[in-house]
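Novice: I am sharing my_file32.cif, which consists of mmCIF, C-alpha atoms and all ligand atoms:
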data_model
loop_
_atom_site.label_atom_id
_atom_site.label_comp_id
_atom_site.auth_asym_id
_atom_site.auth_seq_id
_atom_site.Cartn_x
_atom_site.Cartn_y
_atom_site.Cartn_z
CA MET A 18 -2.39 20.68 -42.14
CA PRO A 19 -0.30 18.85 -39.50
CA GLN A 20 -1.45 15.38 -38.46
CA PRO A 21 -3.86 15.52 -35.48
CA LEU A 22 -2.56 14.40 -32.11
CA ILE A 23 -4.54 11.33 -31.08
CA ILE A 24 -5.25 10.28 -27.49
CA ALA A 25 -6.43 6.68 -26.99
CA VAL A 26 -8.93 6.34 -24.15
CA PRO A 27 -10.34 3.02 -22.97
CA LYS A 28 -14.05 2.42 -23.11
CA GLY A 29 -15.45 0.70 -20.03
CA ARG A 30 -14.94 1.69 -16.44
CA ILE A 31 -11.93 4.02 -16.80
CA LEU A 32 -13.76 6.30 -19.23
CA ALA A 33 -15.93 7.92 -16.54
CA GLU A 34 -12.91 8.71 -14.36
CA ALA A 35 -10.85 9.90 -17.32
CA LEU A 36 -13.35 12.51 -18.54
CA PRO A 37 -12.84 14.95 -15.61
CA LEU A 38 -9.07 14.65 -16.03
CA LEU A 39 -9.31 15.37 -19.73
CA ALA A 40 -11.47 18.41 -18.90
CA ALA A 41 -8.94 19.59 -16.29
CA ALA A 42 -6.24 19.23 -18.95
CA GLY A 43 -8.35 21.55 -21.15
CA ILE A 44 -9.74 18.89 -23.50
CA HIS A 45 -13.50 18.54 -23.98
CA PRO A 46 -14.57 15.87 -26.47
CA GLU A 47 -17.62 16.24 -28.67
CA ALA A 48 -20.80 15.09 -26.88
CA SER A 49 -21.04 11.68 -28.56
CA PHE A 50 -17.73 10.55 -26.95
CA ALA A 51 -19.34 9.84 -23.58
CA ASP A 52 -22.52 8.46 -25.18
CA GLY A 53 -22.49 4.69 -24.74
CA ASP A 54 -24.91 4.31 -27.66
CA SER A 55 -22.64 6.01 -30.18
CA ARG A 56 -20.91 3.61 -32.58
CA ALA A 57 -18.30 6.19 -33.56
CA LEU A 58 -14.70 5.40 -32.54
CA ARG A 59 -12.91 8.66 -33.36
CA PHE A 60 -13.97 12.00 -31.91
CA ALA A 61 -13.13 15.66 -32.28
CA THR A 62 -12.40 17.84 -29.24
CA ASP A 63 -12.63 21.57 -28.59
CA VAL A 64 -8.86 21.78 -29.00
CA PRO A 65 -7.95 22.12 -32.68
CA GLY A 66 -5.57 19.34 -33.68
CA ILE A 67 -6.45 16.99 -30.78
CA GLU A 68 -8.71 13.98 -31.37
CA LEU A 69 -9.72 11.07 -29.15
CA ILE A 70 -10.20 7.42 -30.03
CA ARG A 71 -12.20 5.02 -27.87
CA VAL A 72 -10.71 1.52 -27.82
CA ARG A 73 -10.58 -1.56 -25.59
CA ALA A 74 -8.41 -1.15 -22.49
CA PHE A 75 -5.82 -3.70 -23.68
CA ASP A 76 -5.65 -2.10 -27.11
CA VAL A 77 -4.73 1.38 -25.82
CA ALA A 78 -1.16 0.17 -25.23
CA THR A 79 -0.96 -1.31 -28.72
CA PHE A 80 -2.26 1.81 -30.50
CA VAL A 81 0.21 4.03 -28.65
CA ALA A 82 3.19 1.64 -28.87
CA HIS A 83 2.80 1.48 -32.65
CA GLY A 84 2.39 5.24 -33.00
CA ALA A 85 -1.22 5.02 -34.25
CA ALA A 86 -2.03 7.23 -31.25
CA GLN A 87 0.52 9.52 -29.61
CA LEU A 88 -0.90 9.43 -26.07
CA GLY A 89 -3.17 7.08 -24.15
CA ILE A 90 -4.75 6.31 -20.82
CA VAL A 91 -4.18 2.74 -19.64
CA GLY A 92 -4.05 0.62 -16.50
CA SER A 93 -0.64 -0.31 -15.11
CA ASP A 94 -1.90 -3.92 -15.27
CA VAL A 95 -2.01 -3.67 -19.08
CA LEU A 96 1.40 -1.96 -19.22
CA ALA A 97 2.92 -4.75 -17.12
CA GLU A 98 1.38 -7.44 -19.31
CA PHE A 99 2.68 -5.97 -22.60
CA ASP A 100 5.92 -4.34 -21.45
CA TYR A 101 6.23 -2.36 -24.72
CA SER A 102 9.60 -0.58 -24.88
CA GLU A 103 8.08 2.12 -27.14
CA LEU A 104 5.81 3.27 -24.32
CA TYR A 105 6.77 5.91 -21.79
CA ALA A 106 4.42 6.27 -18.80
CA PRO A 107 5.27 9.64 -17.24
CA VAL A 108 2.10 10.36 -15.22
CA ASP A 109 0.21 8.26 -12.67
CA LEU A 110 -3.34 9.55 -13.17
CA GLY A 111 -4.56 8.30 -9.79
CA ILE A 112 -7.70 6.71 -11.28
CA GLY A 113 -8.71 3.07 -11.86
CA HIS A 114 -7.44 1.92 -8.46
CA CYS A 115 -7.46 -1.86 -8.05
CA ARG A 116 -5.01 -4.71 -7.57
CA LEU A 117 -4.00 -7.82 -9.45
CA SER A 118 -4.27 -10.84 -7.19
CA VAL A 119 -4.25 -14.61 -7.00
CA ALA A 120 -7.55 -16.06 -5.80
CA GLU A 121 -8.89 -19.53 -5.16
CA PRO A 122 -12.02 -21.23 -3.78
CA VAL A 123 -12.68 -20.69 -0.08
CA ALA A 124 -12.40 -24.45 0.57
CA LEU A 125 -9.02 -24.72 -1.14
CA ALA A 126 -7.69 -21.66 0.72
CA ALA A 127 -8.61 -23.18 4.09
CA GLY A 128 -5.75 -25.67 3.94
CA ASP A 129 -3.44 -23.90 1.49
CA ASP A 130 -0.10 -22.15 1.93
CA PRO A 131 1.07 -20.15 -1.13
CA ARG A 132 4.68 -20.39 0.15
CA GLY A 133 4.57 -24.14 -0.41
CA TRP A 134 3.62 -24.01 -4.09
CA SER A 135 6.11 -25.35 -6.65
CA HIS A 136 3.71 -25.36 -9.60
CA VAL A 137 0.44 -23.47 -10.11
CA HIS A 138 -2.26 -23.72 -12.75
CA VAL A 139 -4.21 -20.48 -13.17
CA ALA A 140 -6.84 -18.94 -15.43
CA THR A 141 -6.03 -15.32 -16.25
CA LYS A 142 -6.10 -12.44 -18.70
CA TYR A 143 -2.50 -11.72 -17.58
CA PRO A 144 -0.30 -14.77 -18.44
CA HIS A 145 2.96 -12.81 -18.71
CA VAL A 146 2.63 -10.94 -15.43
CA THR A 147 1.52 -14.17 -13.76
CA GLN A 148 4.43 -16.21 -15.07
CA ALA A 149 6.96 -13.48 -14.20
CA HIS A 150 5.51 -13.11 -10.69
CA PHE A 151 5.79 -16.82 -9.91
CA ALA A 152 9.12 -17.29 -11.70
CA ARG A 153 10.68 -14.74 -9.32
CA ARG A 154 10.31 -17.26 -6.52
CA GLY A 155 10.94 -20.38 -8.57
CA VAL A 156 7.31 -21.40 -9.04
CA GLN A 157 6.29 -22.63 -12.46
CA ALA A 158 2.95 -21.15 -13.59
CA GLU A 159 0.79 -22.79 -16.23
CA CYS A 160 -1.78 -20.31 -17.53
CA VAL A 161 -5.10 -20.69 -19.32
CA LYS A 162 -5.76 -17.39 -21.08
CA LEU A 163 -9.25 -15.96 -20.66
CA ASN A 164 -10.55 -12.50 -21.53
CA GLY A 165 -13.15 -12.20 -18.76
CA ALA A 166 -15.22 -14.13 -16.22
CA MET A 167 -12.06 -15.71 -14.79
CA GLU A 168 -14.02 -16.34 -11.58
CA LEU A 169 -15.86 -19.22 -13.26
CA ALA A 170 -12.70 -21.21 -13.92
CA PRO A 171 -12.19 -22.96 -10.55
CA THR A 172 -15.74 -24.29 -10.14
CA LEU A 173 -15.91 -25.45 -13.74
CA GLY A 174 -12.57 -27.25 -13.58
CA LEU A 175 -10.67 -25.01 -16.01
CA ALA A 176 -7.99 -24.16 -13.43
CA PRO A 177 -8.02 -24.32 -9.62
CA ARG A 178 -6.82 -20.73 -9.20
CA ILE A 179 -7.21 -17.39 -10.98
CA VAL A 180 -5.20 -14.19 -11.34
CA ASP A 181 -7.55 -11.24 -11.81
CA LEU A 182 -8.23 -7.65 -10.86
CA VAL A 183 -9.84 -7.03 -7.50
CA SER A 184 -11.31 -3.78 -6.25
CA SER A 185 -14.16 -4.11 -3.75
CA GLY A 186 -13.74 -7.90 -3.61
CA ARG A 187 -17.41 -8.35 -4.42
CA THR A 188 -16.89 -10.39 -7.59
CA LEU A 189 -14.64 -12.87 -5.77
CA LYS A 190 -17.05 -13.16 -2.84
CA GLU A 191 -20.10 -13.74 -5.02
CA ASN A 192 -18.26 -16.53 -6.80
CA GLY A 193 -16.98 -18.30 -3.69
CA LEU A 194 -13.34 -17.21 -4.06
CA VAL A 195 -10.85 -15.53 -1.73
CA GLU A 196 -7.75 -13.49 -2.45
CA VAL A 197 -4.62 -15.36 -1.33
CA GLU A 198 -1.81 -13.24 -2.77
CA ARG A 199 -1.45 -9.72 -4.16
CA ILE A 200 0.72 -9.42 -7.27
CA MET A 201 0.58 -5.66 -7.90
CA ASP A 202 -1.34 -2.49 -7.12
CA VAL A 203 -2.90 -0.93 -10.21
CA THR A 204 -3.72 2.63 -11.28
CA SER A 205 -4.20 4.16 -14.71
CA ARG A 206 -1.26 5.92 -16.35
CA LEU A 207 -0.80 8.46 -19.10
CA VAL A 208 1.28 6.74 -21.77
CA VAL A 209 3.21 8.38 -24.58
CA ASN A 210 4.80 7.02 -27.72
CA ARG A 211 8.54 7.67 -27.22
CA ALA A 212 9.19 8.57 -30.87
CA ALA A 213 6.25 11.01 -30.96
CA MET A 214 7.58 12.72 -27.85
CA LYS A 215 10.83 13.44 -29.69
CA THR A 216 9.37 14.37 -33.06
CA ARG A 217 6.22 16.35 -32.17
CA ALA A 218 6.27 19.67 -30.37
CA ASP A 219 2.69 19.27 -29.10
CA VAL A 220 3.26 16.12 -26.99
CA VAL A 221 5.31 17.42 -24.04
CA PRO A 222 2.97 20.41 -23.34
CA LEU A 223 0.06 17.99 -23.22
CA VAL A 224 1.89 15.68 -20.81
CA GLU A 225 2.48 18.74 -18.60
CA ALA A 226 -1.22 19.66 -18.83
CA PHE A 227 -2.13 16.17 -17.56
CA ARG A 228 0.46 16.45 -14.79
CA ARG A 229 -1.13 19.72 -13.66
CA ALA A 230 -4.64 18.24 -13.94
CA VAL A 231 -3.65 15.35 -11.64
CA ALA A 232 -1.97 17.69 -9.16
CA GLY A 233 -5.13 19.84 -9.18
CA SER A 234 -7.42 16.87 -8.61
CA ILE A 235 -5.29 15.69 -5.67
CA ALA A 236 -5.32 19.19 -4.15
CA ALA A 237 -9.12 19.56 -4.63
N1 LIG A 301 -12.75 -3.53 -10.49
C1 LIG A 301 -11.96 -2.58 -10.93
N2 LIG A 301 -11.77 -1.47 -10.22
C2 LIG A 301 -10.97 -0.49 -10.69
N3 LIG A 301 -10.32 -0.53 -11.87
C3 LIG A 301 -10.48 -1.61 -12.60
C4 LIG A 301 -11.31 -2.67 -12.18
N4 LIG A 301 -11.32 -3.60 -13.13
C5 LIG A 301 -10.52 -3.11 -14.09
N5 LIG A 301 -9.99 -1.94 -13.78
C6 LIG A 301 -9.06 -1.12 -14.58
O1 LIG A 301 -9.76 -0.79 -15.75
C7 LIG A 301 -9.12 -1.34 -16.88
C8 LIG A 301 -10.15 -1.78 -17.84
O2 LIG A 301 -10.94 -2.72 -17.20
P1 LIG A 301 -12.36 -3.08 -17.72
O3 LIG A 301 -12.87 -4.12 -16.77
O4 LIG A 301 -13.14 -1.87 -18.02
O5 LIG A 301 -11.99 -3.71 -19.05
P2 LIG A 301 -12.93 -4.58 -19.84
O6 LIG A 301 -14.21 -3.84 -20.06
O7 LIG A 301 -12.98 -5.95 -19.24
O8 LIG A 301 -12.06 -4.60 -21.12
P3 LIG A 301 -12.40 -5.13 -22.49
O9 LIG A 301 -13.87 -5.42 -22.50
O10 LIG A 301 -11.99 -3.99 -23.34
O11 LIG A 301 -11.52 -6.33 -22.61
C9 LIG A 301 -8.21 -2.44 -16.35
O12 LIG A 301 -7.12 -2.64 -17.21
C10 LIG A 301 -7.82 -1.89 -14.99
O13 LIG A 301 -6.69 -1.04 -15.10
O1 LIG A 302 -13.53 -6.55 -6.78
P1 LIG A 302 -14.62 -5.99 -7.64
O2 LIG A 302 -15.00 -4.59 -7.25
O3 LIG A 302 -15.80 -6.90 -7.71
O4 LIG A 302 -14.04 -5.83 -9.12
C1 LIG A 302 -13.41 -6.91 -9.76
C2 LIG A 302 -13.97 -7.19 -11.10
O5 LIG A 302 -13.80 -6.02 -11.95
C3 LIG A 302 -13.23 -6.45 -13.16
O6 LIG A 302 -14.19 -6.91 -14.03
P2 LIG A 302 -15.24 -6.00 -14.79
O7 LIG A 302 -16.36 -5.67 -13.88
O8 LIG A 302 -14.58 -4.81 -15.39
O9 LIG A 302 -15.76 -6.94 -15.91
P3 LIG A 302 -14.96 -7.84 -16.97
O10 LIG A 302 -15.20 -9.24 -16.49
O11 LIG A 302 -15.62 -7.48 -18.25
O12 LIG A 302 -13.50 -7.48 -16.96
C4 LIG A 302 -12.38 -7.64 -12.77
O13 LIG A 302 -12.07 -8.46 -13.88
C5 LIG A 302 -13.22 -8.33 -11.73
O14 LIG A 302 -14.08 -9.29 -12.29
#
Would you encode the structure as structure tokens?
Ligand SMILES: Nc1ncnc2c1ncn2[C@@H]1O[C@H](COP(=O)(O)OP(=O)(O)OP(=O)(O)O)[C@@H](O)[C@H]1O
Ligand SMILES: O=P(O)(O)OC[C@H]1O[C@H](OP(=O)(O)OP(=O)(O)O)[C@H](O)[C@@H]1O

Specialist:
Amino acid sequence: MPQPLIIAVPKGRILAEALPLLAAAGIHPEASFADGDSRALRFATDVPGIELIRVRAFDVATFVAHGAAQLGIVGSDVLAEFDYSELYAPVDLGIGHCRLSVAEPVALAAGDDPRGWSHVHVATKYPHVTQAHFARRGVQAECVKLNGAMELAPTLGLAPRIVDLVSSGRTLKENGLVEVERIMDVTSRLVVNRAAMKTRADVVPLVEAFRRAVAGSIAA
């Protein structure tokens, strides 16, 4: 029996948007995959030889980069933060739209000019992207790494600014923050392990199936 082809899919908010794309690509996971109560992590599909794993969004890149999964669905924010050379991202899936931005308290923003910064102190889940972004214009960024609830950092004195994902802007607003600079626009991508693409005959046809699924969902 050949090894199954494994697709890593993030749990959390991307999962709901990824399921219709998987279906359009001809892959229907067993029912427990979309069941939030299930504790299983690895799931069969109706395609013999294709299995799904459900992992944290940041871990999708790691599973695929190390060849533990051959394909994955992951935000371009995560890809930018890791910058794994083993990952190839051939398809923009057009889901998980948001942006990575710098934000700060409303009162600070009132008299602030980002062009005048020479040093910034930020709380973020994205220290590498943040440092690279500021380094490009000669600003030194000192980062406090958090894994969530970045919006609490300014009021609690952890760091005066944050770099986090923004979509509707509601989380910033409800925590007294405003967006002052956009770092990058984010969508989810199909990622492929480069070695698997060369050594397995079943990878490229699946990439093409996703490409068609995205084209179909745009046309619909
Ligand atoms: N507000 C948002 N709107 C749209 N897409 C988002 C938003 N927030 C995050 N994303 C996308 O979804 C991905 C996963 O985010 P999510 O917030 O579900 O992760 P999480 O549940 O915080 O992750 P984990 O708990 O695994 O650390 C992000 O990497 C990003 O690409
Ligand atoms: O602009 P909005 O529409 O309010 O979305 C932004 C929020 O979404 C993400 O968090 P998420 O809700 O996924 O929770 P998390 O803190 O677990 O990452 C992100 O980290 C922001 O907090």

Novice: Using CA of Glu121 (chain A) and CA of Gly193 (chain A) as the two end points, give the distance in Å to one decimal.

Specialist: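 Straight-line distance from CA of Glu121 (chain A) to CA of Gly193 (chain A) works out to 8.3 Å.
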
Novice: Using all atoms listed in the file, which residues of the polymer chains come no farther than 12 Å from ligand LIG 302 (chain A)? I'd like the answer as a ChimeraX atom specification.

Specialist: /A:27-32,73-75,92,94,113-120,140-143,163-169,179-192,194-196,203

Novice: Separation of CA of His136 (chain A) and CA of Thr172 (chain A), in Å?

Specialist: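 That distance, rounded to one decimal, is 19.5 Å.
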
Novice: Could you tell me how far atom C9 of ligand LIG 301 (chain A) lies from CA of Ala78 (chain A), in Å and to one decimal?

Specialist: 11.6 Å

Novice: Between A:Val197, A:Ala86, A:Leu110, A:Leu125, single out the one closest to ligand LIG 301 (chain A), counting only C-alpha atoms and all ligand atoms.

Specialist: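 With only C-alpha atoms and all ligand atoms as the atom set, the closest residue is A:Leu110.
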
Novice: Compile the contact shell of Val161 (chain A) as a VMD selection string: residues with an atom at most 8 Å away, counting all atoms listed in the file, same-chain residues fewer than 6 positions apart removed.

Specialist: chain A and resid 138 to 141 144 175 to 176

Novice: Using all atoms listed in the file, which residues sit within 7 Å of Val108 (chain A) once same-chain residues fewer than 3 positions away are excluded, as a ChimeraX atom specification?

Specialist: /A:206-207,228

Novice: Centre and edge lengths of an axis-aligned box around all listed atoms of region 167-185 of chain A, with 6 Å added on each side, are to be given in Å to one decimal, as AutoDock Vina command-line options.

Specialist:
--center_x -10.6 --center_y -15.5 --center_z -9.9 --size_x 22.7 --size_y 35.5 --size_z 24.3

Novice: Determine the nearest neighbour of Leu88 (chain A) from the options A:Met201, A:Cys160, A:Ala124, A:Val221, counting only C-alpha atoms.

Specialist: A:Val221

Novice: Go through A:Thr62, A:Gln87, A:Thr204, A:Thr216 and flag the residue nearest ligand LIG 301 (chain A), using all atoms listed in the file for the distances.

Specialist: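 Of the candidates, the smallest distance to ligand LIG 301 (chain A) is held by A:Thr204.
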
Novice: Counting all atoms listed in the file, which of A:Ile112, A:Leu38, A:Ile67, A:Ala106 gets nearest to ligand LIG 301 (chain A)?

Specialist: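 Among A:Ile112, A:Leu38, A:Ile67, A:Ala106, it is A:Ile112 that comes nearest to ligand LIG 301 (chain A).
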
Novice: Take the point (2.4, -20.7, -7.6) in the file's coordinates, draw a sphere of radius 10 Å around it, and report as a list in words every protein, DNA or RNA residue with an atom inside or on it, counting all atoms listed in the file.

Specialist: Val119, Asp130, Pro131, Arg132, Gly133, Trp134, Ser135, His136, Val137, His138, Val139, Thr147, Gln148, His150, Phe151, Ala152, Arg154, Gly155, Val156, Gln157, Ala158, Glu159, Arg178 and Glu198 of chain A

Novice: Output C-alpha atoms of each residue in that selection to a file, as an mmCIF file, in the frame of the given file.

Specialist:
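That gives us out-v3.cif:
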data_model
loop_
_atom_site.group_PDB
_atom_site.id
_atom_site.type_symbol
_atom_site.label_atom_id
_atom_site.label_comp_id
_atom_site.auth_asym_id
_atom_site.auth_seq_id
_atom_site.Cartn_x
_atom_site.Cartn_y
_atom_site.Cartn_z
ATOM 1 C CA VAL A 119 -4.250 -14.610 -7.000
ATOM 2 C CA ASP A 130 -0.100 -22.150 1.930
ATOM 3 C CA PRO A 131 1.070 -20.150 -1.130
ATOM 4 C CA ARG A 132 4.680 -20.390 0.150
ATOM 5 C CA GLY A 133 4.570 -24.140 -0.410
ATOM 6 C CA TRP A 134 3.620 -24.010 -4.090
ATOM 7 C CA SER A 135 6.110 -25.350 -6.650
ATOM 8 C CA HIS A 136 3.710 -25.360 -9.600
ATOM 9 C CA VAL A 137 0.440 -23.470 -10.110
ATOM 10 C CA HIS A 138 -2.260 -23.720 -12.750
ATOM 11 C CA VAL A 139 -4.210 -20.480 -13.170
ATOM 12 C CA THR A 147 1.520 -14.170 -13.760
ATOM 13 C CA GLN A 148 4.430 -16.210 -15.070
ATOM 14 C CA HIS A 150 5.510 -13.110 -10.690
ATOM 15 C CA PHE A 151 5.790 -16.820 -9.910
ATOM 16 C CA ALA A 152 9.120 -17.290 -11.700
ATOM 17 C CA ARG A 154 10.310 -17.260 -6.520
ATOM 18 C CA GLY A 155 10.940 -20.380 -8.570
ATOM 19 C CA VAL A 156 7.310 -21.400 -9.040
ATOM 20 C CA GLN A 157 6.290 -22.630 -12.460
ATOM 21 C CA ALA A 158 2.950 -21.150 -13.590
ATOM 22 C CA GLU A 159 0.790 -22.790 -16.230
ATOM 23 C CA ARG A 178 -6.820 -20.730 -9.200
ATOM 24 C CA GLU A 198 -1.810 -13.240 -2.770
#

Novice: Choose the residue, out of A:Ala51, A:Val224, A:Ala218, A:Ile44, that has the smallest atom-to-atom separation from Pro19 (chain A); count only C-alpha atoms.

Specialist: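 Looking only at the distances to Pro19 (chain A), the closest residue turns out to be A:Ala218.
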
Novice: Choose the residue, out of A:Ala170, A:Asp76, A:His83, A:Leu223, that has the smallest atom-to-atom separation from ligand LIG 301 (chain A); count all atoms listed in the file.

Specialist: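 The closest residue to ligand LIG 301 (chain A) is A:Asp76.
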